[in-house]
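Engineer: The structure under discussion is supplied below as structure tokens; questions concerning it will follow.
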Number of protein chains: 2
Amino acid sequence: MLAAVESFASRGYHATTTRDIAGAAGMSPAALYVHFPSKAALLFAISESGHQQTLTLVETVAAGDESPREKIRRIVEDFVAWHARRHTIARVVQYELQALPEQEYAVVKDLRRRIERRMRDVIAEGVKQGAFAVDDVHTAARAVLSLGVDVARWYTDRPGGKTPEALGHDYARLVLRMLGAGSEPLTEESHTEQAT
Amino acid sequence: MLAAVESFASRGYHATTTRDIAGAAGMSPAALYVHFPSKAALLFAISESGHQQTLTLVETVAAGDESPREKIRRIVEDFVAWHARRHTIARVVQYELQALPEQEYAVVKDLRRRIERRMRDVIAEGVKQGAFAVDDVHTAARAVLSLGVDVARWYTDRPGGKTPEALGHDYARLVLRMLGAGSEPLTEESHTEQAT
């Protein structure tokens with residue numbers, strides 16, 4: 001799977017052959033075939049795993065007892081850091097959807113719907129409690145997810161760049177402001193943060 | 001060029017042949033060759049044109065006399081609407097960079113740098129005037145551009161969806177809040193907008 005991720009990310013899904021992947025994994029094409037009967041099966045395994053990881057990350061925080069503000073802060077921190085840290089797999093996950101066969105695409109699409117729904121639910125909860133001021137929860141949720149997803153496109157591990165965690169922290173603050181949460185920290189553990 | 005955009009967007013750059021493109025354009029491969037000696041030359045022409053269009057859009061607003069707040073509002077409206085309206089070409093522009101030959105990549109990279117620099121300049125101008133409250137101008141500029149770029153990934157022309165203009169309008173409001181511009185309209189022409 002890692003060999004496939006690298007191959008798909010560097011030359012694109014369509015231009016990669018199962019022979020390339022087997023070679024990169026140090027296996028014979030026949031040995032690869034035992035685990036994955038097709039290139040599409042490999043893409044699906046990678047895509048499903050990546051989507052499941054990000055869904056779990058969002059659902060774990062969303063199911064907790066914290067305030068909507070704290071939930072959004074943690075979801076954005078984790079979601080952004082994941083897309084930075086795992087930017088190679090994230091690129092395959094986010095940009096090779098259309099290469100999935102119809103049935104597999106439906107499974108992944110369902111995972112994506114659940115991620116968006118969770119995000120909308122947390123934002124809507126915050127609006128209801130007066131913590132956020134958002135006209136259009138759907139557009140706001142899309143924008144928050146977009147900020148995280150696009151990190152996979154531009155993030156590199158170059159020295160001197162922000163760590164995935166630092167980027168997640170900065171983006172969480174930007175997102176809270178975007179949602180109208182104000183700049184003042186509302187939770188105790190945030191009281192030491194500089195208010196901007 | 002349009003035939004190439006469609007082909008690259010639907011099957012990916014690497015899996016597209018010049019024969020595919022010539023066929024889609026209703027030309028012979030030899031006739032296509034007269035205009036574009038290689039597939040890479042076509043990709044470069046598309047990428048350069050797309051980047052030049054978005055740079056012009058940003059520079060035109062940035063060079064004006066309006067306040068930084070009004071400039072950001074207009075830039076985000078135009079940049080987001082462009083990525084929605086031209087989402088097929090925008091996908092090629094944003095996601096096929098690594099397929100460009102080295103020299104052509106350098107040209108496109110310079111256009112990208114100029115877009116980012118203009119965005120940073122306008123944000124920095126706003127911070128200086130006290131209109132925005134941003135710790136890290138570089139990260140904020142990256143986030144604002146990310147919101148626009150990622151629109152190309154998910155936007156579709158489905159009926160009932162937001163128009164490119166409506167999306168640009170909504171995103172501009174989210175971005176102004178993200179930059180700490182507050183929710184109250186500061187410019188005269190915005191006074192009629194609903195404050196959230």
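We name chains A, B, ... following the order of the structure tokens; residues begin at 1 in each chain, and ligands are numbered from 1 as shown.
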Show which residues sit within 12 Å of Glu102 in chain A, as a list in words. Count only C-alpha atoms, and ignore same-chain residues fewer than 6 positions away.
Structural biologist: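 Once the nearby chain positions are removed, what remains is Ala40, Phe44, Val108 and Lys109 of chain A.
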Engineer: Selection from above, N, CA, C and O atoms, as a CSV table (one decimal), in the first residue's frame, can you write it?
Structural biologist:
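Below is the file out.csv, written as the result:
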```csv
chain,number,residue,atom,x,y,z
A,40,ALA,N,-7.2,-0.8,-9.0
A,40,ALA,CA,-8.3,-0.1,-8.4
A,40,ALA,C,-8.6,-0.6,-6.9
A,40,ALA,O,-9.0,0.2,-6.0
A,44,PHE,N,-8.6,1.8,-3.7
A,44,PHE,CA,-9.7,1.8,-2.8
A,44,PHE,C,-9.3,1.6,-1.3
A,44,PHE,O,-9.7,2.2,-0.4
A,108,VAL,N,-16.7,5.4,-0.3
A,108,VAL,CA,-15.8,6.5,0.1
A,108,VAL,C,-16.7,7.8,0.2
A,108,VAL,O,-16.5,8.6,1.1
A,109,LYS,N,-17.6,8.0,-0.7
A,109,LYS,CA,-18.5,9.1,-0.7
A,109,LYS,C,-19.3,9.2,0.6
A,109,LYS,O,-19.5,10.2,1.2
```
Engineer: Should the cut-off be 8 Å, what would the residue list for chain A against chain B look like, counting only C-alpha atoms, as number ranges by chain?
Structural biologist: A: 11-12, 14-15, 95, 133-135, 139-140, 143, 146-147, 149-151, 153, 170-171, 174-180, 196
Engineer: Filtering to N, CA and C atoms, could you give me those residues as an mmCIF file, in the first residue's frame?
Structural biologist:
```cif
data_model
loop_
_atom_site.group_PDB
_atom_site.id
_atom_site.type_symbol
_atom_site.label_atom_id
_atom_site.label_comp_id
_atom_site.auth_asym_id
_atom_site.auth_seq_id
_atom_site.Cartn_x
_atom_site.Cartn_y
_atom_site.Cartn_z
ATOM 1 N N ARG A 11 3.438 9.813 -9.961
ATOM 2 C CA ARG A 11 3.155 9.842 -11.401
ATOM 3 C C ARG A 11 1.665 9.831 -11.741
ATOM 4 N N GLY A 12 0.827 9.829 -10.731
ATOM 5 C CA GLY A 12 -0.615 9.838 -10.985
ATOM 6 C C GLY A 12 -1.146 8.419 -11.068
ATOM 7 N N HIS A 14 -3.440 6.984 -13.050
ATOM 8 C CA HIS A 14 -3.641 6.363 -14.359
ATOM 9 C C HIS A 14 -2.344 5.894 -15.008
ATOM 10 N N ALA A 15 -1.251 6.623 -14.736
ATOM 11 C CA ALA A 15 0.016 6.286 -15.397
ATOM 12 C C ALA A 15 0.802 5.220 -14.624
ATOM 13 N N TYR A 95 -7.394 13.572 -4.162
ATOM 14 C CA TYR A 95 -7.388 13.955 -5.571
ATOM 15 C C TYR A 95 -7.571 12.801 -6.551
ATOM 16 N N ALA A 133 -21.267 32.616 15.205
ATOM 17 C CA ALA A 133 -22.235 33.409 14.446
ATOM 18 C C ALA A 133 -22.030 33.103 12.972
ATOM 19 N N VAL A 134 -22.849 32.201 12.455
ATOM 20 C CA VAL A 134 -22.701 31.752 11.079
ATOM 21 C C VAL A 134 -24.069 31.758 10.399
ATOM 22 N N ASP A 135 -24.146 32.390 9.220
ATOM 23 C CA ASP A 135 -25.402 32.420 8.460
ATOM 24 C C ASP A 135 -25.722 31.059 7.879
ATOM 25 N N THR A 139 -21.992 26.135 4.109
ATOM 26 C CA THR A 139 -20.842 26.799 3.494
ATOM 27 C C THR A 139 -19.681 26.929 4.482
ATOM 28 N N ALA A 140 -20.000 27.227 5.729
ATOM 29 C CA ALA A 140 -18.944 27.358 6.737
ATOM 30 C C ALA A 140 -18.220 26.026 6.941
ATOM 31 N N ALA A 143 -15.944 25.360 4.072
ATOM 32 C CA ALA A 143 -14.745 26.207 4.125
ATOM 33 C C ALA A 143 -13.741 25.668 5.146
ATOM 34 N N SER A 146 -12.152 22.620 3.702
ATOM 35 C CA SER A 146 -11.287 23.038 2.592
ATOM 36 C C SER A 146 -9.910 23.477 3.073
ATOM 37 N N LEU A 147 -9.892 24.238 4.139
ATOM 38 C CA LEU A 147 -8.617 24.719 4.677
ATOM 39 C C LEU A 147 -7.708 23.548 5.036
ATOM 40 N N VAL A 149 -8.039 20.242 3.885
ATOM 41 C CA VAL A 149 -7.761 19.414 2.707
ATOM 42 C C VAL A 149 -6.653 20.032 1.852
ATOM 43 N N ASP A 150 -6.727 21.354 1.644
ATOM 44 C CA ASP A 150 -5.776 21.988 0.733
ATOM 45 C C ASP A 150 -4.340 21.969 1.262
ATOM 46 N N VAL A 151 -4.198 21.745 2.568
ATOM 47 C CA VAL A 151 -2.862 21.605 3.151
ATOM 48 C C VAL A 151 -2.103 20.466 2.464
ATOM 49 N N ARG A 153 -2.128 19.634 -0.546
ATOM 50 C CA ARG A 153 -1.620 20.068 -1.840
ATOM 51 C C ARG A 153 -0.295 20.805 -1.720
ATOM 52 N N ASP A 170 -2.314 27.174 14.409
ATOM 53 C CA ASP A 170 -2.595 28.474 13.776
ATOM 54 C C ASP A 170 -3.923 28.452 13.011
ATOM 55 N N TYR A 171 -4.152 27.371 12.288
ATOM 56 C CA TYR A 171 -5.388 27.267 11.505
ATOM 57 C C TYR A 171 -6.619 27.203 12.415
ATOM 58 N N LEU A 174 -7.512 30.689 13.270
ATOM 59 C CA LEU A 174 -8.133 31.370 12.121
ATOM 60 C C LEU A 174 -9.577 30.902 11.938
ATOM 61 N N VAL A 175 -9.790 29.593 12.071
ATOM 62 C CA VAL A 175 -11.133 29.036 11.873
ATOM 63 C C VAL A 175 -12.100 29.544 12.941
ATOM 64 N N LEU A 176 -11.659 29.588 14.186
ATOM 65 C CA LEU A 176 -12.559 30.069 15.245
ATOM 66 C C LEU A 176 -13.000 31.501 14.964
ATOM 67 N N ARG A 177 -12.083 32.310 14.488
ATOM 68 C CA ARG A 177 -12.472 33.670 14.135
ATOM 69 C C ARG A 177 -13.444 33.680 12.954
ATOM 70 N N MET A 178 -13.144 32.814 11.964
ATOM 71 C CA MET A 178 -14.012 32.734 10.785
ATOM 72 C C MET A 178 -15.441 32.397 11.177
ATOM 73 N N LEU A 179 -15.588 31.568 12.217
ATOM 74 C CA LEU A 179 -16.917 31.150 12.668
ATOM 75 C C LEU A 179 -17.543 32.173 13.612
ATOM 76 N N GLY A 180 -16.847 33.289 13.797
ATOM 77 C CA GLY A 180 -17.411 34.330 14.654
ATOM 78 C C GLY A 180 -17.315 34.009 16.129
ATOM 79 N N THR A 196 -5.474 37.722 19.747
ATOM 80 C CA THR A 196 -5.158 38.637 18.641
ATOM 81 C C THR A 196 -6.430 39.090 17.976
#
```
Engineer: Hey, can you check how far CA of Val92 in chain B sits from CA of Trp82 in chain A?
Structural biologist: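 CA of Val92 in chain B sits 24.8 Å away from CA of Trp82 in chain A.
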Engineer: Can you check which residues of chain B DSSP gives as alpha helix (DSSP H) on the backbone and send them as a ChimeraX atom specification?
Structural biologist: /B:2-11,18-24,29-35,39-62,68-85,87-95,102-128,137-154,164-178
Engineer: By how many Å are CA of Ala152 in chain A and CA of Leu55 in chain A apart?
Structural biologist: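 Pair CA of Ala152 in chain A / CA of Leu55 in chain A returns 16.3 Å.
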Engineer: Work out how far CA of His169 in chain B is from CA of Arg117 in chain A, in Å to one decimal.
Structural biologist: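 Separating CA of Arg117 in chain A from CA of His169 in chain B is a distance of 23.1 Å.
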Engineer: Could you check the closest approach to Pro164 in chain B for each of B:His83, B:His138, B:Lys39, B:Arg120 and tell me which residue wins, using only C-alpha atoms?
Structural biologist: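 The closest residue to Pro164 in chain B is B:His83.
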Engineer: Just want the 12 Å neighbourhood of Glu48 in chain B, counted on only C-alpha atoms, with same-chain residues fewer than 2 positions away dropped. Output as a PyMOL selection string.
Structural biologist: chain B and resi 1+40-46+50-56+89-90+92-94+96-97+100+104-112
Engineer: Between A:Asp20, A:Glu125, A:Glu6, A:Glu165, which is the closest to Val76 in chain A once you count only C-alpha atoms?
Structural biologist: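 Of all the options, A:Glu165 lies closest to Val76 in chain A.
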Engineer: Applying 9 Å and only C-alpha atoms, which residues near Ser67 in chain A remain after dropping the ones on its own chain fewer than 2 positions away? List them as a compact mmCIF listing (two decimals) with N, CA and C atoms, in the first residue's frame.
Structural biologist:
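The new file out08.txt reads:
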```
# COMPACT_ATOMS: atom_id res chain seq x y z
N GLY A 64 -17.41 13.99 22.11
CA GLY A 64 -17.01 14.32 23.48
C GLY A 64 -17.95 15.30 24.18
N ASP A 65 -17.58 15.69 25.38
CA ASP A 65 -18.43 16.57 26.20
C ASP A 65 -18.02 18.04 26.14
N ARG A 69 -16.89 25.20 20.71
CA ARG A 69 -15.68 25.94 20.41
C ARG A 69 -14.44 25.08 20.58
N GLU A 70 -14.41 24.36 21.69
CA GLU A 70 -13.26 23.49 21.97
C GLU A 70 -13.22 22.32 20.98
N LYS A 71 -14.38 21.82 20.62
CA LYS A 71 -14.43 20.73 19.63
C LYS A 71 -13.87 21.18 18.28
N ILE A 72 -14.31 22.35 17.83
CA ILE A 72 -13.82 22.85 16.54
C ILE A 72 -12.31 23.07 16.60
N GLU A 125 -24.33 23.23 16.46
CA GLU A 125 -24.44 23.19 17.93
C GLU A 125 -23.90 24.50 18.52
N GLY A 126 -22.77 24.97 17.98
CA GLY A 126 -22.17 26.22 18.45
C GLY A 126 -23.05 27.42 18.15
N ALA A 131 -22.25 30.41 20.57
CA ALA A 131 -20.79 30.48 20.56
C ALA A 131 -20.26 30.89 19.19
N THR A 187 -12.19 29.02 26.82
CA THR A 187 -11.95 27.85 27.67
C THR A 187 -10.75 28.11 28.56
```
